[in-house]
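Student: First the structure, which I've put down as structure tokens, then a few questions once you've had a look.
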Amino acid sequence: MATKTFWDWVGAIVSNYGQMFLSGAGTTMLIAITGTIIGFLIGLIVAIIRTIPVLPQDNKAKKVILKVANAIMAIYIEVFRGTPMMVQAMIVYYGLMEAFKIDLDPLTAGILIVSINTGAYMSEIVRGGIESIDEGQFDAAHAIGMTHWQTMTNVILPQAIRNILPATGNEFVINIKDTSVLNVISVTELFFATKTVKGIALRTFETFFVAGVIYLVLTFTVTRILRFIEKKMDGDDSYTIMASSSMPDQQFIKIRGGKHEHRQWLHDESDQK
Amino acid sequence: MSEVVKIKNLHKSFGKNEILKGIDFSVNYGEVVCLIGSSGSGKSTLLRCINMLEHADKGEILFHGENVLEKGYDVTKYRAKLGMVFQQFNLFDNKTVLDNCTVGQIKVLKKNKEEARQIAMKYLEKVGMDAYINAKPRQLSGGQKQRVAIARALSMEPEALLFDEPTSALDPEMVGEVMKVMKDLADSGLTMLVVTHEMSFARDVSNRVVFMDKGVIVEDDIPANIFNNPKNERTREFLKRAIEKY
Ligand SMILES: Nc1ncnc2c1ncn2[C@@H]1O[C@H](COP(=O)(O)OP(=O)(O)OP(=O)(O)O)[C@@H](O)[C@H]1O
Ligand SMILES: [Mg+2]
């Protein structure tokens, strides 16, 4: 019998252990998706709280509470961005078990760790997104009587979120890859599954080659989908001129393109159809 | 005459710079007051203090007899009753023209969607922008943006409207369309406080002109007096320069 080639081994590994890879990939995606979404929400909340303005006329209690809250959030961000997730995983999983007798199952612990870790990064990303919004947007919202919460949810965050979508997508892709460190607390994600397969098949190179291809397919697909969502969110650059009592002769004309073409239409109505 | 806002001895500093050095004046119902003065004299700061976008350090701002600078005063409610039109328009970039004019009514005044839409349409019609309700701000010219911004402020049906140089960021050919809207509003009896460099508007449309210099009000009089025989030397010099320039 001829010796097996590289592709023979790959084929054999895929057909024998495909199910294990798939379930590992599923767990990886579950943790990455849940962790990114929860982390994103944490980032939004932290950023909203950190941007609450303190006015001279506010009462003392509010000022003190905000100071304490801001200090806690600053520490949270520093600690979780400044330490490796692998260390965080060990501390949270084994630490909670030893110190508080809280016995989380590895998957729950994994989601928890990725969420709070992503939350720390997202807090900074959202803050950057908010800071990139023109002061005038805040002024205008406040001037019509919106509260900080209303200003954030109706005006600032919708714009900030659009601006930080690429960075958020990046976090998601990083999470897909970084869930691999959760194998240290025995979460059966893709990397853990791969190690298990290697233990049975006894072929390190081919087994991890398969894992690499799966990671690449996951991240590539996710990147494409996010790009598509970004495009969708930007909308098409057109709007409809409505019938108007102040401009009675113009009815339902669809304007294409941006400001430039629009102006052309204003000056040169007959040419545009 | 009753006052919409009455300001007493208002002071405001940024760091060590005292920008407002004891301002006393008031705006009465139905009045159109123009605030003029050279760059850096504190006009914008005064306007922003009046609707609490900046917090004054000292003094009183009386609204229906209550000092809005008092601890515990409901600032958001107060702001909803004073409209503001900015030099840079500041339309909500993520919202359509119609939504710009309804969001405040729905979220702040708690009106239902249909009612808010009808009120918004009424004012968009008034400024001649009702045909553009589906457009986003980035698709509009400067003059159109400013007219929508005025409709947005009017949609809140405020007791007075504050304007901070509403035509200064516009191309010259668009100044007229915004000025015309403002003149119509003045004629309709709306209470307006307008910071402007448009001397013709101050002279022909306003009931009163207030001249500010270096953080104090130098002169506060009817336009005929300010423009024809200003009492103060600084007013005279400012007007001479302003009229040469424009
Ligand atoms: N947020 C701020 N922080 C520090 N200084 C400020 C701030 N806002 C305004 N100033 C200063 O206050 C002074 C008055 O500014 P203000 O904008 O009120 O003048 P203005 O009369 O509106 O001038 P212009 O006609 O140029 O708009 C200026 O010297 C300005 O630099
Ligand atoms: Mg100014």
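In the structure tokens, each chain is lettered A, B, ... as it comes, each chain's residues begin at 1, and ligands are numbered from 1 in order of appearance.
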Identify, counting only C-alpha atoms and all ligand atoms, the protein, DNA and RNA residues located within 9 Å of ligand 2, and give them as a ChimeraX atom specification.
Tutor: /B:39-45,47,87,164-165,195-196
Student: Residues within 12 Å of ligand 1, counting only C-alpha atoms and all ligand atoms: report them as a ChimeraX atom specification.
Tutor: /A:135 /B:12-21,35-50,53-55,86-88,163-169,194-198,211-217,242
Student: Using only C-alpha atoms, determine which residues of chain B fall within 9 Å of chain A; present them as a PyMOL selection string.
Tutor: chain B and resi 51-53+55+57+69-73+75-86+88-95+103-105+107-109+125-136+138-141+152-153+156
Student: Which residue gives the smallest distance to Ala201 (chain A) among A:Thr5, A:Asn16, A:Ser186, A:Thr108, with only C-alpha atoms counted?
Tutor: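 With only C-alpha atoms as the atom set, the closest residue is A:Asn16.
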Student: Pick out the residues sitting within 10 Å of Gly39 (chain A), and hand them over as a list in words; count only C-alpha atoms, and ignore anything fewer than 6 positions along from it in its own chain.
Tutor: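 The residues satisfying every condition are Ile33, Ile45, Ile111, Leu112, Ile113, Val114, Ser115, Ile116, Asn117, Thr118, Gly119, Ala120, Tyr121, Met122, Ser123, Thr168, Glu171 and Phe172 of chain A.
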Student: So how far away is CA of Pro223 (chain B) from CA of Ser206 (chain B), in Å?
Tutor: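 CA of Pro223 (chain B) lies at a distance of 7.0 Å from CA of Ser206 (chain B).
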Student: Would you mind reading off the distance between CA of Ala47 (chain A) and CA of Lys177 (chain A), one decimal, in Å?
Tutor: 25.9 Å
Student: Step one, run DSSP on the backbone; step two, keep only residues of region 56-268 of chain A assigned to alpha helix (DSSP H); then write them as a PyMOL selection string.
Tutor: chain A and resi 60-82+85-90+96-100+106-131+135-143+148-151+157-178+190-201+204-234+259-267
Student: Point out the residue among B:Arg203, B:Lys6, B:Arg147, B:Lys110 with the least atom-to-atom distance to Leu185 (chain B), counting only C-alpha atoms.
Tutor: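 For Leu185 (chain B), the nearest of the given residues is B:Arg147.
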Student: If you run DSSP on the backbone, which residues of region 44-270 of chain A are strand (DSSP E), as a PyMOL selection string?
Tutor: chain A and resi 239-241+253-255
Student: Restricting it to all heavy atoms, dump the selection as an mmCIF file, in the first residue's frame.
Tutor:
data_model
loop_
_atom_site.group_PDB
_atom_site.id
_atom_site.type_symbol
_atom_site.label_atom_id
_atom_site.label_comp_id
_atom_site.auth_asym_id
_atom_site.auth_seq_id
_atom_site.Cartn_x
_atom_site.Cartn_y
_atom_site.Cartn_z
ATOM 1 N N TYR A 239 -33.623 60.584 -2.839
ATOM 2 C CA TYR A 239 -34.837 60.863 -2.092
ATOM 3 C C TYR A 239 -35.902 61.350 -3.053
ATOM 4 O O TYR A 239 -35.643 61.655 -4.211
ATOM 5 C CB TYR A 239 -34.596 61.892 -0.989
ATOM 6 C CG TYR A 239 -34.126 63.237 -1.473
ATOM 7 C CD1 TYR A 239 -35.040 64.259 -1.705
ATOM 8 C CD2 TYR A 239 -32.777 63.474 -1.693
ATOM 9 C CE1 TYR A 239 -34.605 65.482 -2.135
ATOM 10 C CE2 TYR A 239 -32.341 64.703 -2.132
ATOM 11 C CZ TYR A 239 -33.257 65.718 -2.353
ATOM 12 O OH TYR A 239 -32.831 66.920 -2.782
ATOM 13 N N THR A 240 -37.117 61.417 -2.563
ATOM 14 C CA THR A 240 -38.231 61.763 -3.427
ATOM 15 C C THR A 240 -38.734 63.155 -3.097
ATOM 16 O O THR A 240 -38.957 63.474 -1.939
ATOM 17 C CB THR A 240 -39.386 60.751 -3.211
ATOM 18 O OG1 THR A 240 -38.841 59.444 -3.346
ATOM 19 C CG2 THR A 240 -40.472 60.955 -4.233
ATOM 20 N N ILE A 241 -38.848 63.967 -4.108
ATOM 21 C CA ILE A 241 -39.452 65.281 -3.920
ATOM 22 C C ILE A 241 -40.964 65.088 -3.886
ATOM 23 O O ILE A 241 -41.546 64.520 -4.797
ATOM 24 C CB ILE A 241 -39.092 66.216 -5.090
ATOM 25 C CG1 ILE A 241 -37.596 66.470 -5.120
ATOM 26 C CG2 ILE A 241 -39.883 67.500 -5.021
ATOM 27 C CD1 ILE A 241 -37.149 67.637 -4.316
ATOM 28 N N ILE A 253 -40.524 63.525 -7.979
ATOM 29 C CA ILE A 253 -39.365 63.325 -8.837
ATOM 30 C C ILE A 253 -38.302 62.634 -8.007
ATOM 31 O O ILE A 253 -37.979 63.059 -6.907
ATOM 32 C CB ILE A 253 -38.823 64.668 -9.349
ATOM 33 C CG1 ILE A 253 -39.915 65.422 -10.078
ATOM 34 C CG2 ILE A 253 -37.625 64.435 -10.268
ATOM 35 C CD1 ILE A 253 -39.596 66.879 -10.300
ATOM 36 N N LYS A 254 -37.781 61.552 -8.500
ATOM 37 C CA LYS A 254 -36.739 60.828 -7.773
ATOM 38 C C LYS A 254 -35.388 61.458 -8.106
ATOM 39 O O LYS A 254 -35.008 61.572 -9.263
ATOM 40 C CB LYS A 254 -36.749 59.361 -8.213
ATOM 41 C CG LYS A 254 -35.815 58.485 -7.427
ATOM 42 C CD LYS A 254 -36.553 57.723 -6.348
ATOM 43 C CE LYS A 254 -35.649 56.641 -5.765
ATOM 44 N NZ LYS A 254 -36.134 56.151 -4.500
ATOM 45 N N ILE A 255 -34.715 61.883 -7.054
ATOM 46 C CA ILE A 255 -33.408 62.494 -7.273
ATOM 47 C C ILE A 255 -32.336 61.454 -6.989
ATOM 48 O O ILE A 255 -32.309 60.858 -5.923
ATOM 49 C CB ILE A 255 -33.196 63.672 -6.306
ATOM 50 C CG1 ILE A 255 -34.349 64.635 -6.338
ATOM 51 C CG2 ILE A 255 -31.879 64.354 -6.601
ATOM 52 C CD1 ILE A 255 -34.402 65.508 -7.519
#
Student: Could you pull the residues within 9 Å of Glu31 (chain B), counting only C-alpha atoms, minus those fewer than 3 positions along the same chain, as an MDAnalysis selection string?
Tutor: chainID B and resid 27:28 186 189:193 206:208
Student: Just all heavy atoms for this one: save the residues we selected as a PDB file, in the first residue's frame.
Tutor:
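Output below, filename out.pdb:
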ATOM      1  N   VAL B  27     -36.195  90.385  26.883  1.00  0.00           N
ATOM      2  CA  VAL B  27     -36.904  90.264  25.611  1.00  0.00           C
ATOM      3  C   VAL B  27     -38.385  90.148  25.938  1.00  0.00           C
ATOM      4  O   VAL B  27     -38.779  89.303  26.747  1.00  0.00           O
ATOM      5  CB  VAL B  27     -36.431  89.026  24.829  1.00  0.00           C
ATOM      6  CG1 VAL B  27     -37.178  88.918  23.502  1.00  0.00           C
ATOM      7  CG2 VAL B  27     -34.932  89.071  24.584  1.00  0.00           C
ATOM      8  N   ASN B  28     -39.181  91.013  25.326  1.00  0.00           N
ATOM      9  CA  ASN B  28     -40.622  91.002  25.605  1.00  0.00           C
ATOM     10  C   ASN B  28     -41.367  90.189  24.561  1.00  0.00           C
ATOM     11  O   ASN B  28     -40.884  89.979  23.448  1.00  0.00           O
ATOM     12  CB  ASN B  28     -41.160  92.426  25.599  1.00  0.00           C
ATOM     13  CG  ASN B  28     -40.489  93.278  26.649  1.00  0.00           C
ATOM     14  OD1 ASN B  28     -40.467  92.933  27.818  1.00  0.00           O
ATOM     15  ND2 ASN B  28     -39.909  94.385  26.209  1.00  0.00           N
ATOM     16  N   ALA B 186     -40.976  87.395  11.753  1.00  0.00           N
ATOM     17  CA  ALA B 186     -41.061  88.628  12.528  1.00  0.00           C
ATOM     18  C   ALA B 186     -42.420  89.288  12.308  1.00  0.00           C
ATOM     19  O   ALA B 186     -43.074  89.722  13.264  1.00  0.00           O
ATOM     20  CB  ALA B 186     -39.927  89.576  12.126  1.00  0.00           C
ATOM     21  N   GLY B 189     -45.367  87.991  14.240  1.00  0.00           N
ATOM     22  CA  GLY B 189     -45.462  88.284  15.669  1.00  0.00           C
ATOM     23  C   GLY B 189     -44.662  87.361  16.562  1.00  0.00           C
ATOM     24  O   GLY B 189     -44.800  87.393  17.785  1.00  0.00           O
ATOM     25  N   LEU B 190     -43.813  86.521  15.965  1.00  0.00           N
ATOM     26  CA  LEU B 190     -42.970  85.629  16.767  1.00  0.00           C
ATOM     27  C   LEU B 190     -41.948  86.449  17.561  1.00  0.00           C
ATOM     28  O   LEU B 190     -41.398  87.418  17.060  1.00  0.00           O
ATOM     29  CB  LEU B 190     -42.235  84.653  15.837  1.00  0.00           C
ATOM     30  CG  LEU B 190     -41.344  83.615  16.498  1.00  0.00           C
ATOM     31  CD1 LEU B 190     -42.172  82.540  17.173  1.00  0.00           C
ATOM     32  CD2 LEU B 190     -40.401  82.981  15.474  1.00  0.00           C
ATOM     33  N   THR B 191     -41.709  86.031  18.803  1.00  0.00           N
ATOM     34  CA  THR B 191     -40.683  86.679  19.610  1.00  0.00           C
ATOM     35  C   THR B 191     -39.318  86.164  19.177  1.00  0.00           C
ATOM     36  O   THR B 191     -39.091  84.953  19.144  1.00  0.00           O
ATOM     37  CB  THR B 191     -40.899  86.356  21.098  1.00  0.00           C
ATOM     38  OG1 THR B 191     -42.250  86.653  21.430  1.00  0.00           O
ATOM     39  CG2 THR B 191     -39.945  87.145  21.968  1.00  0.00           C
ATOM     40  N   MET B 192     -38.440  87.077  18.808  1.00  0.00           N
ATOM     41  CA  MET B 192     -37.146  86.645  18.275  1.00  0.00           C
ATOM     42  C   MET B 192     -35.996  87.434  18.890  1.00  0.00           C
ATOM     43  O   MET B 192     -36.103  88.641  19.076  1.00  0.00           O
ATOM     44  CB  MET B 192     -37.106  86.841  16.742  1.00  0.00           C
ATOM     45  CG  MET B 192     -38.080  85.951  15.981  1.00  0.00           C
ATOM     46  SD  MET B 192     -38.439  86.495  14.274  1.00  0.00           S
ATOM     47  CE  MET B 192     -36.876  86.333  13.471  1.00  0.00           C
ATOM     48  N   LEU B 193     -34.914  86.712  19.186  1.00  0.00           N
ATOM     49  CA  LEU B 193     -33.664  87.362  19.595  1.00  0.00           C
ATOM     50  C   LEU B 193     -32.613  86.909  18.586  1.00  0.00           C
ATOM     51  O   LEU B 193     -32.318  85.719  18.484  1.00  0.00           O
ATOM     52  CB  LEU B 193     -33.281  86.938  21.016  1.00  0.00           C
ATOM     53  CG  LEU B 193     -31.919  87.440  21.518  1.00  0.00           C
ATOM     54  CD1 LEU B 193     -31.826  88.950  21.497  1.00  0.00           C
ATOM     55  CD2 LEU B 193     -31.657  86.920  22.933  1.00  0.00           C
ATOM     56  N   SER B 206     -36.210  94.770  13.039  1.00  0.00           N
ATOM     57  CA  SER B 206     -36.280  94.602  14.494  1.00  0.00           C
ATOM     58  C   SER B 206     -37.014  95.756  15.177  1.00  0.00           C
ATOM     59  O   SER B 206     -37.161  96.843  14.627  1.00  0.00           O
ATOM     60  CB  SER B 206     -34.868  94.474  15.064  1.00  0.00           C
ATOM     61  OG  SER B 206     -34.202  95.706  14.979  1.00  0.00           O
ATOM     62  N   ASN B 207     -37.489  95.475  16.388  1.00  0.00           N
ATOM     63  CA  ASN B 207     -38.092  96.515  17.228  1.00  0.00           C
ATOM     64  C   ASN B 207     -37.052  97.184  18.101  1.00  0.00           C
ATOM     65  O   ASN B 207     -37.239  98.288  18.575  1.00  0.00           O
ATOM     66  CB  ASN B 207     -39.144  95.918  18.167  1.00  0.00           C
ATOM     67  CG  ASN B 207     -40.167  95.083  17.422  1.00  0.00           C
ATOM     68  OD1 ASN B 207     -40.166  93.862  17.537  1.00  0.00           O
ATOM     69  ND2 ASN B 207     -40.986  95.740  16.627  1.00  0.00           N
ATOM     70  N   ARG B 208     -35.966  96.426  18.368  1.00  0.00           N
ATOM     71  CA  ARG B 208     -34.959  96.947  19.271  1.00  0.00           C
ATOM     72  C   ARG B 208     -33.603  96.402  18.866  1.00  0.00           C
ATOM     73  O   ARG B 208     -33.508  95.269  18.394  1.00  0.00           O
ATOM     74  CB  ARG B 208     -35.282  96.510  20.691  1.00  0.00           C
ATOM     75  CG  ARG B 208     -35.248  97.657  21.699  1.00  0.00           C
ATOM     76  CD  ARG B 208     -35.784  97.175  23.010  1.00  0.00           C
ATOM     77  NE  ARG B 208     -34.836  96.299  23.647  1.00  0.00           N
ATOM     78  CZ  ARG B 208     -35.166  95.244  24.373  1.00  0.00           C
ATOM     79  NH1 ARG B 208     -36.416  94.911  24.555  1.00  0.00           N
ATOM     80  NH2 ARG B 208     -34.236  94.504  24.933  1.00  0.00           N
TER      81      ARG B 208
END
Student: Env of Lys113 (chain B): 8 Å cut, atoms = only C-alpha atoms, seq-sep filter 4 positions within chain, self excluded. Answer as a list in words.
Tutor: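 With the cut-off at 8 Å, the set is Thr102, Ile106 and Arg117 of chain B.
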Student: Mind pulling up the distance from CA of Ala151 (chain B) to CA of Glu3 (chain B)?
Tutor: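 Computing the Euclidean distance for CA of Glu3 (chain B) and CA of Ala151 (chain B) yields 23.9 Å.
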